[in-house]
>>> print(open('entry-v1.cif').read())   # mmCIF, C-alpha atoms and all ligand atoms
data_start
loop_
_atom_site.label_atom_id
_atom_site.label_comp_id
_atom_site.auth_asym_id
_atom_site.auth_seq_id
_atom_site.Cartn_x
_atom_site.Cartn_y
_atom_site.Cartn_z
CA MET A 7 0.00 0.00 0.00
CA SER A 8 1.09 3.56 -0.65
CA PRO A 9 2.13 5.47 2.45
CA ILE A 10 -0.28 8.16 1.23
CA MET A 11 -3.98 7.42 0.86
CA LEU A 12 -4.94 8.96 -2.45
CA ASP A 13 -8.57 9.21 -1.36
CA SER A 14 -7.67 11.45 1.58
CA GLU A 15 -8.04 15.23 1.59
CA LEU A 16 -5.20 17.56 0.63
CA SER A 17 -4.75 21.15 1.85
CA VAL A 18 -3.61 23.61 -0.80
CA GLY A 19 -3.32 27.00 0.90
CA ALA A 20 -6.77 27.67 2.28
CA LEU A 21 -8.41 25.14 -0.07
CA THR A 22 -9.17 21.55 0.80
CA LEU A 23 -9.17 19.11 -2.10
CA PRO A 24 -11.41 16.07 -1.48
CA ASN A 25 -8.73 13.68 -2.72
CA ARG A 26 -5.27 13.54 -4.27
CA VAL A 27 -6.03 12.47 -7.85
CA LEU A 28 -6.07 15.56 -10.04
CA LEU A 29 -6.94 16.11 -13.69
CA ALA A 30 -4.19 18.01 -15.52
CA PRO A 31 -4.89 21.14 -17.51
CA LEU A 32 -5.09 19.83 -21.09
CA VAL A 33 -5.29 22.13 -24.11
CA ALA A 34 -8.38 21.39 -26.19
CA VAL A 35 -9.39 18.59 -23.81
CA SER A 36 -10.05 19.85 -20.25
CA ASP A 37 -13.07 21.90 -21.28
CA LEU A 38 -16.16 22.36 -19.12
CA PRO A 39 -18.00 19.18 -20.26
CA PHE A 40 -14.94 16.96 -19.77
CA ARG A 41 -14.18 18.52 -16.38
CA ARG A 42 -17.77 17.81 -15.27
CA ILE A 43 -17.44 14.17 -16.23
CA CYS A 44 -14.02 13.80 -14.57
CA THR A 45 -15.29 15.49 -11.40
CA GLU A 46 -18.24 13.09 -11.28
CA MET A 47 -15.84 10.19 -11.72
CA GLY A 48 -13.75 11.39 -8.78
CA ALA A 49 -11.14 13.96 -9.90
CA GLY A 50 -10.10 15.94 -6.80
CA LEU A 51 -9.30 19.09 -8.79
CA THR A 52 -9.70 20.13 -12.39
CA THR A 53 -8.02 23.01 -14.18
CA ILE A 54 -8.85 25.00 -17.29
CA GLU A 55 -6.30 24.55 -20.07
CA MET A 56 -3.27 26.85 -20.34
CA LEU A 57 -4.26 30.42 -21.27
CA SER A 58 -1.90 33.07 -22.53
CA ALA A 59 -1.59 36.19 -20.38
CA GLN A 60 -1.48 38.35 -23.51
CA THR A 61 -4.77 37.06 -24.88
CA LEU A 62 -6.39 37.52 -21.48
CA ILE A 63 -5.15 41.08 -21.25
CA TYR A 64 -6.40 41.85 -24.78
CA GLY A 65 -9.79 40.43 -23.83
CA SER A 66 -9.82 37.55 -26.31
CA ARG A 67 -13.28 36.05 -26.65
CA THR A 68 -11.86 32.54 -26.89
CA SER A 69 -10.09 32.90 -23.54
CA LYS A 70 -13.22 34.33 -21.92
CA ALA A 71 -15.26 31.39 -23.21
CA LEU A 72 -12.72 28.93 -21.83
CA LEU A 73 -13.12 30.51 -18.39
CA ALA A 74 -16.78 29.43 -18.09
CA ARG A 75 -17.50 27.42 -14.96
CA HIS A 76 -20.48 25.11 -14.44
CA SER A 77 -22.49 25.48 -11.23
CA SER A 78 -21.73 21.83 -10.41
CA GLU A 79 -17.95 22.33 -10.46
CA PRO A 80 -16.92 22.30 -6.78
CA LEU A 81 -13.36 23.54 -7.32
CA LEU A 82 -11.74 25.01 -10.39
CA GLY A 83 -8.26 26.18 -11.26
CA ALA A 84 -7.05 28.18 -14.26
CA GLN A 85 -3.56 28.00 -15.71
CA LEU A 86 -1.71 30.74 -17.48
CA THR A 87 1.62 31.54 -19.04
CA GLY A 88 3.29 34.69 -20.30
CA PRO A 89 6.58 36.11 -21.54
CA THR A 90 7.45 38.29 -18.52
CA PRO A 91 6.61 38.42 -14.81
CA GLU A 92 4.69 41.66 -15.41
CA MET A 93 2.56 40.13 -18.16
CA VAL A 94 1.78 37.06 -16.08
CA ALA A 95 0.81 39.27 -13.13
CA ASP A 96 -1.42 41.41 -15.39
CA GLY A 97 -3.03 38.22 -16.67
CA VAL A 98 -3.67 37.11 -13.10
CA GLU A 99 -5.36 40.42 -12.44
CA VAL A 100 -7.75 39.75 -15.33
CA LEU A 101 -8.48 36.33 -13.81
CA GLU A 102 -9.58 38.07 -10.59
CA GLY A 103 -12.86 38.81 -12.40
CA TYR A 104 -13.65 35.12 -12.83
CA PRO A 105 -14.94 32.54 -10.34
CA LEU A 106 -11.78 30.52 -9.80
CA ASP A 107 -10.33 28.83 -6.73
CA LEU A 108 -6.70 28.58 -7.74
CA ILE A 109 -4.22 30.06 -10.22
CA ASP A 110 -1.56 27.82 -11.71
CA ILE A 111 1.44 29.18 -13.60
CA ASN A 112 2.57 27.00 -16.49
CA MET A 113 6.33 26.54 -16.43
CA GLY A 114 6.51 23.40 -18.51
CA CYS A 115 4.82 23.75 -21.89
CA PRO A 116 7.33 22.48 -24.49
CA VAL A 117 5.53 23.76 -27.62
CA ARG A 118 8.00 25.56 -29.89
CA LYS A 119 5.64 28.46 -30.65
CA ILE A 120 5.03 29.06 -26.94
CA VAL A 121 8.69 28.74 -25.93
CA ALA A 122 9.70 31.10 -28.76
CA LYS A 123 7.49 33.72 -27.09
CA GLN A 124 9.45 33.18 -23.85
CA SER A 125 6.43 31.46 -22.30
CA GLY A 126 5.79 27.94 -20.95
CA SER A 127 9.01 26.03 -20.21
CA ALA A 128 11.21 28.96 -21.40
CA ILE A 129 11.04 30.29 -17.84
CA LEU A 130 13.04 27.26 -16.61
CA LYS A 131 16.12 28.74 -18.29
CA ASP A 132 15.92 31.80 -16.05
CA PRO A 133 15.32 30.83 -12.39
CA GLU A 134 15.50 34.45 -11.28
CA ARG A 135 12.47 35.13 -13.47
CA ILE A 136 10.60 32.39 -11.59
CA SER A 137 11.11 34.18 -8.27
CA ARG A 138 10.05 37.53 -9.74
CA THR A 139 6.95 36.02 -11.35
CA VAL A 140 5.79 34.39 -8.11
CA ALA A 141 6.39 37.57 -6.10
CA LEU A 142 4.46 39.76 -8.57
CA VAL A 143 1.61 37.30 -9.02
CA ARG A 144 1.14 36.79 -5.29
CA GLY A 145 0.89 40.55 -4.91
CA ARG A 146 -2.13 40.58 -7.25
CA THR A 147 -4.29 37.76 -5.89
CA GLN A 148 -5.39 36.28 -2.61
CA ARG A 149 -6.10 32.95 -4.30
CA PRO A 150 -3.63 30.10 -3.88
CA VAL A 151 -0.95 30.30 -6.58
CA THR A 152 0.58 27.05 -7.77
CA ALA A 153 3.09 26.13 -10.48
CA LYS A 154 3.48 23.21 -12.88
CA ILE A 155 7.06 22.61 -13.91
CA ARG A 156 9.27 20.12 -15.72
CA LEU A 157 12.59 18.75 -14.45
CA GLY A 158 14.49 21.36 -16.43
CA TYR A 159 14.87 22.72 -19.93
CA ASP A 160 17.44 20.24 -21.21
CA GLN A 161 20.14 17.88 -19.90
CA GLU A 162 22.52 20.79 -19.30
CA ARG A 163 19.85 22.68 -17.38
CA ARG A 164 18.32 19.97 -15.20
CA ASN A 165 17.51 22.43 -12.42
CA VAL A 166 14.42 21.01 -10.73
CA ALA A 167 15.90 21.45 -7.22
CA GLU A 168 16.63 25.14 -7.73
CA VAL A 169 13.28 25.82 -9.42
CA VAL A 170 11.37 24.07 -6.62
CA ARG A 171 13.39 25.90 -3.97
CA ARG A 172 12.57 29.25 -5.52
CA LEU A 173 8.87 28.44 -5.91
CA ALA A 174 8.61 27.14 -2.35
CA ALA A 175 10.51 30.11 -0.92
CA GLY A 176 8.29 32.45 -2.95
CA GLY A 177 5.19 31.11 -1.22
CA VAL A 178 3.37 29.05 -3.86
CA ALA A 179 0.70 26.78 -2.38
CA MET A 180 1.55 23.62 -4.34
CA ILE A 181 3.92 22.48 -7.08
CA GLY A 182 3.15 19.99 -9.83
CA ILE A 183 6.23 18.28 -11.21
CA HIS A 184 6.04 16.66 -14.63
CA GLY A 185 8.94 14.22 -14.57
CA ARG A 186 10.45 15.03 -17.95
CA LEU A 187 12.70 17.72 -19.40
CA ARG A 188 11.47 20.21 -21.96
CA GLU A 189 13.63 18.49 -24.56
CA ASP A 190 12.00 15.12 -23.75
CA ARG A 191 8.58 16.47 -24.74
CA TYR A 192 6.43 13.35 -24.06
CA ASP A 193 8.59 10.67 -25.58
CA VAL A 194 10.51 9.10 -22.68
CA PRO A 195 9.25 7.31 -19.57
CA VAL A 196 8.68 9.54 -16.57
CA ASP A 197 11.78 10.07 -14.43
CA TYR A 198 10.72 9.26 -10.85
CA ALA A 199 14.16 10.06 -9.42
CA GLY A 200 13.97 13.54 -10.95
CA ILE A 201 10.61 14.17 -9.27
CA ALA A 202 12.03 12.82 -5.97
CA THR A 203 14.81 15.42 -6.22
CA GLY A 204 12.14 18.12 -6.47
CA VAL A 205 10.21 16.65 -3.53
CA ALA A 206 13.35 16.69 -1.37
CA ALA A 207 14.06 20.32 -2.28
CA ALA A 208 10.47 21.28 -1.39
CA ARG A 209 10.60 19.45 1.94
CA ALA A 210 13.89 21.18 2.82
CA GLU A 211 12.36 24.59 2.12
CA ARG A 212 8.80 24.23 3.45
CA GLY A 213 8.63 21.02 5.49
CA ALA A 214 6.62 17.81 5.16
CA ASP A 215 3.17 19.36 4.69
CA PHE A 216 3.99 21.31 1.55
CA PRO A 217 2.06 19.57 -1.26
CA ILE A 218 3.85 18.24 -4.33
CA VAL A 219 1.98 16.60 -7.19
CA GLY A 220 3.68 13.99 -9.35
CA ASN A 221 2.82 13.98 -13.05
CA GLY A 222 3.82 11.71 -15.93
CA ASP A 223 2.60 8.28 -17.08
CA VAL A 224 -0.10 8.02 -14.40
CA THR A 225 -2.71 5.85 -16.11
CA ASP A 226 -4.07 3.46 -13.47
CA ALA A 227 -3.90 2.45 -9.79
CA GLN A 228 -0.50 0.79 -10.18
CA SER A 229 1.19 3.74 -11.89
CA ALA A 230 -0.37 6.13 -9.35
CA HIS A 231 0.97 3.94 -6.55
CA ASP A 232 4.42 3.86 -8.22
CA MET A 233 4.43 7.65 -8.53
CA ILE A 234 3.76 8.11 -4.80
CA GLU A 235 6.07 5.31 -3.71
CA LYS A 236 9.05 6.20 -5.90
CA THR A 237 8.97 9.98 -5.53
CA GLY A 238 7.52 10.69 -2.07
CA CYS A 239 5.02 13.15 -3.62
CA ASP A 240 1.61 13.80 -2.04
CA ALA A 241 -0.78 13.57 -4.97
CA VAL A 242 -0.90 12.51 -8.62
CA MET A 243 -2.01 14.35 -11.73
CA VAL A 244 -3.51 12.37 -14.63
CA SER A 245 -3.01 13.66 -18.19
CA ARG A 246 -3.00 11.33 -21.21
CA GLY A 247 -4.37 8.57 -18.99
CA ALA A 248 -7.68 10.47 -18.83
CA LEU A 249 -8.21 10.87 -22.59
CA GLY A 250 -11.44 9.03 -23.37
CA ASN A 251 -11.06 7.46 -19.94
CA PRO A 252 -12.71 9.37 -17.09
CA TRP A 253 -12.99 6.01 -15.27
CA VAL A 254 -9.29 6.34 -14.44
CA PHE A 255 -10.14 8.47 -11.37
CA GLU A 256 -12.37 5.77 -9.81
CA GLN A 257 -9.81 3.13 -10.71
CA ILE A 258 -7.00 5.02 -8.94
CA LEU A 259 -9.09 6.06 -5.94
CA ARG A 260 -10.48 2.55 -5.41
CA PRO A 261 -7.85 0.07 -6.59
CA GLY A 262 -9.49 -3.07 -7.91
CA THR A 263 -12.30 -1.16 -9.65
CA PRO A 264 -12.77 -3.08 -12.90
CA GLN A 265 -12.92 -1.58 -16.36
CA PRO A 266 -16.44 -0.39 -17.29
CA THR A 267 -18.86 -2.78 -18.97
CA VAL A 268 -20.36 -1.82 -22.33
CA LEU A 269 -23.44 -0.53 -20.46
CA GLU A 270 -21.45 1.63 -18.03
CA TRP A 271 -19.25 2.90 -20.84
CA ARG A 272 -22.30 3.94 -22.88
CA ARG A 273 -23.91 5.65 -19.88
CA VAL A 274 -20.87 7.83 -19.13
CA LEU A 275 -20.16 8.58 -22.78
CA MET A 276 -23.79 9.66 -23.29
CA ARG A 277 -23.56 11.93 -20.26
CA HIS A 278 -20.36 13.50 -21.60
CA LEU A 279 -22.05 14.01 -24.97
CA ALA A 280 -25.09 15.58 -23.29
CA TYR A 281 -22.86 17.98 -21.32
CA HIS A 282 -20.98 18.80 -24.52
CA CYS A 283 -24.17 19.67 -26.40
CA GLU A 284 -25.56 21.58 -23.41
CA HIS A 285 -22.41 23.72 -23.40
CA TYR A 286 -21.60 24.12 -27.10
CA GLY A 287 -24.88 23.25 -28.82
CA ASP A 288 -25.73 20.43 -31.22
CA LYS A 289 -24.47 22.03 -34.44
CA PRO A 290 -21.83 20.69 -36.85
CA PHE A 291 -19.08 23.10 -35.70
CA ALA A 292 -20.00 22.47 -32.05
CA ILE A 293 -19.79 18.68 -32.44
CA LEU A 294 -16.35 18.91 -34.06
CA PRO A 295 -14.27 18.87 -30.82
CA PHE A 296 -16.23 15.89 -29.56
CA ARG A 297 -15.10 13.72 -32.49
CA LYS A 298 -11.58 13.61 -31.03
CA GLN A 299 -12.93 12.63 -27.62
CA LEU A 300 -14.98 9.92 -29.30
CA LEU A 301 -11.91 8.50 -30.99
CA TRP A 302 -10.25 8.07 -27.59
CA TYR A 303 -13.42 6.59 -26.05
CA THR A 304 -13.71 3.93 -28.74
CA SER A 305 -10.49 2.14 -27.85
CA GLY A 306 -10.96 -1.06 -25.89
CA PHE A 307 -14.04 -2.56 -27.54
CA PRO A 308 -14.03 -4.65 -30.69
CA GLY A 309 -16.25 -3.61 -33.60
CA MET A 310 -15.78 0.16 -33.29
CA ARG A 311 -14.30 0.45 -36.76
CA GLN A 312 -17.50 1.72 -38.36
CA LEU A 313 -17.80 4.51 -35.79
CA ARG A 314 -14.16 5.52 -36.21
CA ASP A 315 -14.45 5.48 -40.01
CA SER A 316 -17.56 7.68 -39.89
CA LEU A 317 -16.19 10.24 -37.41
CA GLY A 318 -15.22 12.79 -40.05
CA ALA A 319 -18.80 13.03 -41.31
CA ILE A 320 -20.60 13.23 -37.94
CA GLU A 321 -22.40 16.54 -37.48
CA HIS A 322 -25.08 15.90 -34.87
CA LYS A 323 -25.54 14.17 -31.54
CA ASP A 324 -28.23 11.81 -32.87
CA ARG A 325 -25.86 10.43 -35.50
CA ILE A 326 -23.24 9.73 -32.81
CA ILE A 327 -25.78 7.84 -30.71
CA GLU A 328 -27.03 5.92 -33.74
CA LEU A 329 -23.50 4.84 -34.69
CA ILE A 330 -22.55 3.89 -31.14
CA ASP A 331 -25.64 1.72 -30.78
CA LEU A 332 -24.98 0.11 -34.13
CA CYS A 333 -21.45 -0.83 -33.01
CA LEU A 334 -22.60 -2.03 -29.59
CA LYS A 335 -25.35 -4.27 -31.04
CA GLU A 336 -22.96 -7.15 -31.48
CA LEU A 337 -21.51 -6.91 -27.95
CA ASP A 338 -22.72 -8.52 -24.74
CA PRO A 339 -23.66 -5.54 -22.48
CA GLU A 340 -21.57 -7.06 -19.68
CA THR A 341 -18.38 -7.14 -21.80
CA ARG A 342 -15.70 -5.09 -20.09
CA ARG A 343 -13.52 -2.52 -21.82
CA TYR A 344 -10.07 -3.84 -22.76
CA ALA A 345 -11.24 -7.43 -22.16
CA THR A 346 -10.04 -8.44 -25.62
CA GLN A 347 -7.71 -5.54 -26.51
CA ALA A 348 -4.71 -4.20 -24.64
CA GLN A 349 -5.03 -0.78 -23.02
CA PRO A 350 -2.99 1.67 -25.10
CA ASP A 351 0.30 2.85 -23.70
CA ALA A 352 -0.08 6.42 -22.40
CA VAL A 353 3.03 7.44 -24.29
CA ALA A 354 1.41 6.35 -27.53
CA ALA A 355 -1.80 8.29 -26.90
CA SER A 356 -2.33 11.06 -29.38
CA LEU A 357 -1.56 14.62 -28.40
CA SER A 358 -3.68 17.63 -29.12
CA GLU A 359 -2.39 19.40 -32.22
CA ARG A 360 -2.13 22.65 -30.31
CA TYR A 361 -0.01 21.10 -27.56
CA GLN A 362 2.44 19.19 -29.73
CA GLY A 363 4.63 22.02 -30.89
C1 LIG B 1 -3.50 17.01 -25.24
C2 LIG B 1 -2.59 17.57 -24.19
C3 LIG B 1 -2.75 18.88 -23.77
C4 LIG B 1 -1.94 19.39 -22.75
N1 LIG B 1 -2.18 20.65 -22.28
C5 LIG B 1 -1.52 21.10 -21.18
C6 LIG B 1 -1.84 22.35 -20.58
O1 LIG B 1 -2.74 23.08 -21.00
N2 LIG B 1 -1.12 22.73 -19.49
C7 LIG B 1 -0.13 21.93 -18.95
O2 LIG B 1 0.47 22.30 -17.94
N3 LIG B 1 0.19 20.76 -19.50
C8 LIG B 1 -0.50 20.32 -20.59
N4 LIG B 1 -0.19 19.09 -21.12
C9 LIG B 1 0.83 18.26 -20.45
C10 LIG B 1 0.18 17.32 -19.45
O3 LIG B 1 -0.56 18.01 -18.47
C11 LIG B 1 1.21 16.43 -18.75
O4 LIG B 1 2.12 17.24 -18.06
C12 LIG B 1 1.94 15.52 -19.71
O5 LIG B 1 1.06 14.96 -20.67
C13 LIG B 1 2.63 14.38 -18.95
O6 LIG B 1 1.73 13.53 -18.31
P1 LIG B 1 1.35 12.09 -18.94
O7 LIG B 1 2.64 11.37 -19.22
O8 LIG B 1 0.53 11.45 -17.86
O9 LIG B 1 0.55 12.38 -20.16
C14 LIG B 1 -0.93 18.59 -22.18
C15 LIG B 1 -0.75 17.28 -22.64
C16 LIG B 1 -1.57 16.77 -23.61
C17 LIG B 1 -1.40 15.35 -24.03
#
>>> encode(input="entry-v1.cif", output="structure tokens", more="lines below")
Ligand SMILES: Cc1cc2nc3c(=O)[nH]c(=O)nc-3n(C[C@H](O)[C@H](O)[C@H](O)COP(=O)(O)O)c2cc1C
Amino acid sequence: MSPIMLDSELSVGALTLPNRVLLAPLVAVSDLPFRRICTEMGAGLTTIEMLSAQTLIYGSRTSKALLARHSSEPLLGAQLTGPTPEMVADGVEVLEGYPLDLIDINMGCPVRKIVAKQSGSAILKDPERISRTVALVRGRTQRPVTAKIRLGYDQERRNVAEVVRRLAAGGVAMIGIHGRLREDRYDVPVDYAGIATGVAAARAERGADFPIVGNGDVTDAQSAHDMIEKTGCDAVMVSRGALGNPWVFEQILRPGTPQPTVLEWRRVLMRHLAYHCEHYGDKPFAILPFRKQLLWYTSGFPGMRQLRDSLGAIEHKDRIIELIDLCLKELDPETRRYATQAQPDAVAASLSERYQG
């Protein structure tokens, strides 16, 4: 058993998370409908995808739309990035007008376009800038400020200990450590020892109660257990493991929870689709982002070929339901997901185009 119970509460500043299994901010994935589903399936915290401080400051309509919160969302974080401490702090000030519980600063995005604008993981090259950013941001908000980092920019600048020390000394309420370097992108297995180095630096600066979240390759109860056991972190953050798989939260929180049956799978997928249409509408352009989700959902059951092949032409909710039911007709409703097919490796899961760089 893990020394930490993942289903126990976690204090983050003045907030109390109900458990220690968090959904990562995910560009083009962690939208309001998906967050609702993940929350219902147990996620202890969900976060809006990375927003750019510049677009927030210029009042971009897209950013404003992304900041919508559903009345059923118990806790909600927003994540932002920017090219300078001043810009990030100005962006945080804009966020003060929105109903959020926590502000996370992205210090890990590897996308070339973002890094070229001195945002995302570019900040890891300049630790002094990290301290200045935290100080300015904390001066603009009373909300807990957290940071999500990588182990460093590249092999030569593997500076997780220094980055964590600066963040902890600057007064952030929690740090999420993605156990890869910027140069690794997503292509190598998570480096538990690297995260453990960050955990040790945090403990030295702020003591045992300072929360650290481990991120990377958490896809089920075993990998969540490994993350806690091998790094000493306090909580886990699920990213690719949640794509088309909101059941992962239940499975981690209650080890031994089996994969969903066809019936359970259909029930949750239909609820996600209903939330999607409630939020975006049931029009061709509104259904578009759901097609990608559907592709992820369809792994694990035989006979989904027809649905996958028809995805490009789907324009309405009713057509999705019709195709799903056509595919499920041949299956025993008690068949469990991945009973006849292997669960895909998280590393092989497809990335959002906007987060690939
Ligand atoms: C589709 C996609 C979108 C992502 N968007 C964000 C984001 O908005 N903010 C962020 O900090 N990380 C983002 N990430 C990185 C993940 O949160 C996570 O750090 C990374 O995928 C490693 O975890 P994993 O190995 O469990 O997938 C994204 C990753 C993917 C696959």
>>> residues_around(input="entry-v1.cif", residues="Asn25 of chain A", least_positions_apart="4", cutoff="9 Å", atoms="all atoms listed in the file", output="list of chain:residue names")
A:Met11, A:Leu12, A:Asp13, A:Ser14, A:Glu15, A:Leu16, A:Gly48, A:Ala49, A:Gly50, A:Leu51, A:Ala241, A:Leu259
>>> residues_around(input="entry-v1.cif", residues="Ala167 of chain A", least_positions_apart="5", cutoff="9 Å", atoms="all atoms listed in the file", output="list of chain:residue names")
A:Leu157, A:Arg172, A:Gly200, A:Thr203, A:Gly204, A:Val205, A:Ala206, A:Ala207, A:Ala208
>>> residues_near_ligand(input="entry-v1.cif", ligand="ligand LIG 1 (chain B)", cutoff="7 Å", atoms="only C-alpha atoms and all ligand atoms", output="ChimeraX atom specification")
/A:30-35,55-56,85,112,114-115,154,184,192,196,221-225,244-247,352-353,356-358,361
>>> residues_around(input="entry-v1.cif", residues="segment 267-270 of chain A", least_positions_apart="5", cutoff="9 Å", atoms="all atoms listed in the file", output="short mmCIF file (atom, residue, chain, number, x, y, z; two decimals) with C-alpha atoms, in the coordinates of the input")
data_model
loop_
_atom_site.label_atom_id
_atom_site.label_comp_id
_atom_site.auth_asym_id
_atom_site.auth_seq_id
_atom_site.Cartn_x
_atom_site.Cartn_y
_atom_site.Cartn_z
CA LEU A 275 -20.16 8.58 -22.78
CA PHE A 307 -14.04 -2.56 -27.54
CA LEU A 334 -22.60 -2.03 -29.59
CA LEU A 337 -21.51 -6.91 -27.95
CA ASP A 338 -22.72 -8.52 -24.74
CA PRO A 339 -23.66 -5.54 -22.48
CA GLU A 340 -21.57 -7.06 -19.68
CA THR A 341 -18.38 -7.14 -21.80
CA ARG A 342 -15.70 -5.09 -20.09
CA ARG A 343 -13.52 -2.52 -21.82
#
>>> closest_residue(input="entry-v1.cif", among="A:Leu62, A:Pro266, A:Ile183, A:Arg260", to="Val242 of chain A", atoms="all atoms listed in the file")
A:Ile183
>>> residues_around(input="entry-v1.cif", residues="Glu256 of chain A", least_positions_apart="2", cutoff="10 Å", atoms="all atoms listed in the file", output="NGL selection string")
:A and (13 or 27 or 44 or 46-49 or 226-227 or 252-254 or 258-265)
>>> decode(input="entry-v1.cif", residues="segment 59-74 of chain A", atoms="C-alpha atoms", output="mmCIF file, in the first residue's frame")
data_model
loop_
_atom_site.group_PDB
_atom_site.id
_atom_site.type_symbol
_atom_site.label_atom_id
_atom_site.label_comp_id
_atom_site.auth_asym_id
_atom_site.auth_seq_id
_atom_site.Cartn_x
_atom_site.Cartn_y
_atom_site.Cartn_z
ATOM 1 C CA ALA A 59 -1.593 36.190 -20.378
ATOM 2 C CA GLN A 60 -1.480 38.355 -23.507
ATOM 3 C CA THR A 61 -4.768 37.064 -24.885
ATOM 4 C CA LEU A 62 -6.393 37.518 -21.481
ATOM 5 C CA ILE A 63 -5.150 41.084 -21.254
ATOM 6 C CA TYR A 64 -6.398 41.851 -24.784
ATOM 7 C CA GLY A 65 -9.788 40.434 -23.828
ATOM 8 C CA SER A 66 -9.818 37.546 -26.310
ATOM 9 C CA ARG A 67 -13.276 36.050 -26.649
ATOM 10 C CA THR A 68 -11.858 32.540 -26.886
ATOM 11 C CA SER A 69 -10.089 32.899 -23.536
ATOM 12 C CA LYS A 70 -13.219 34.326 -21.921
ATOM 13 C CA ALA A 71 -15.262 31.394 -23.214
ATOM 14 C CA LEU A 72 -12.721 28.933 -21.829
ATOM 15 C CA LEU A 73 -13.122 30.507 -18.390
ATOM 16 C CA ALA A 74 -16.781 29.428 -18.091
#
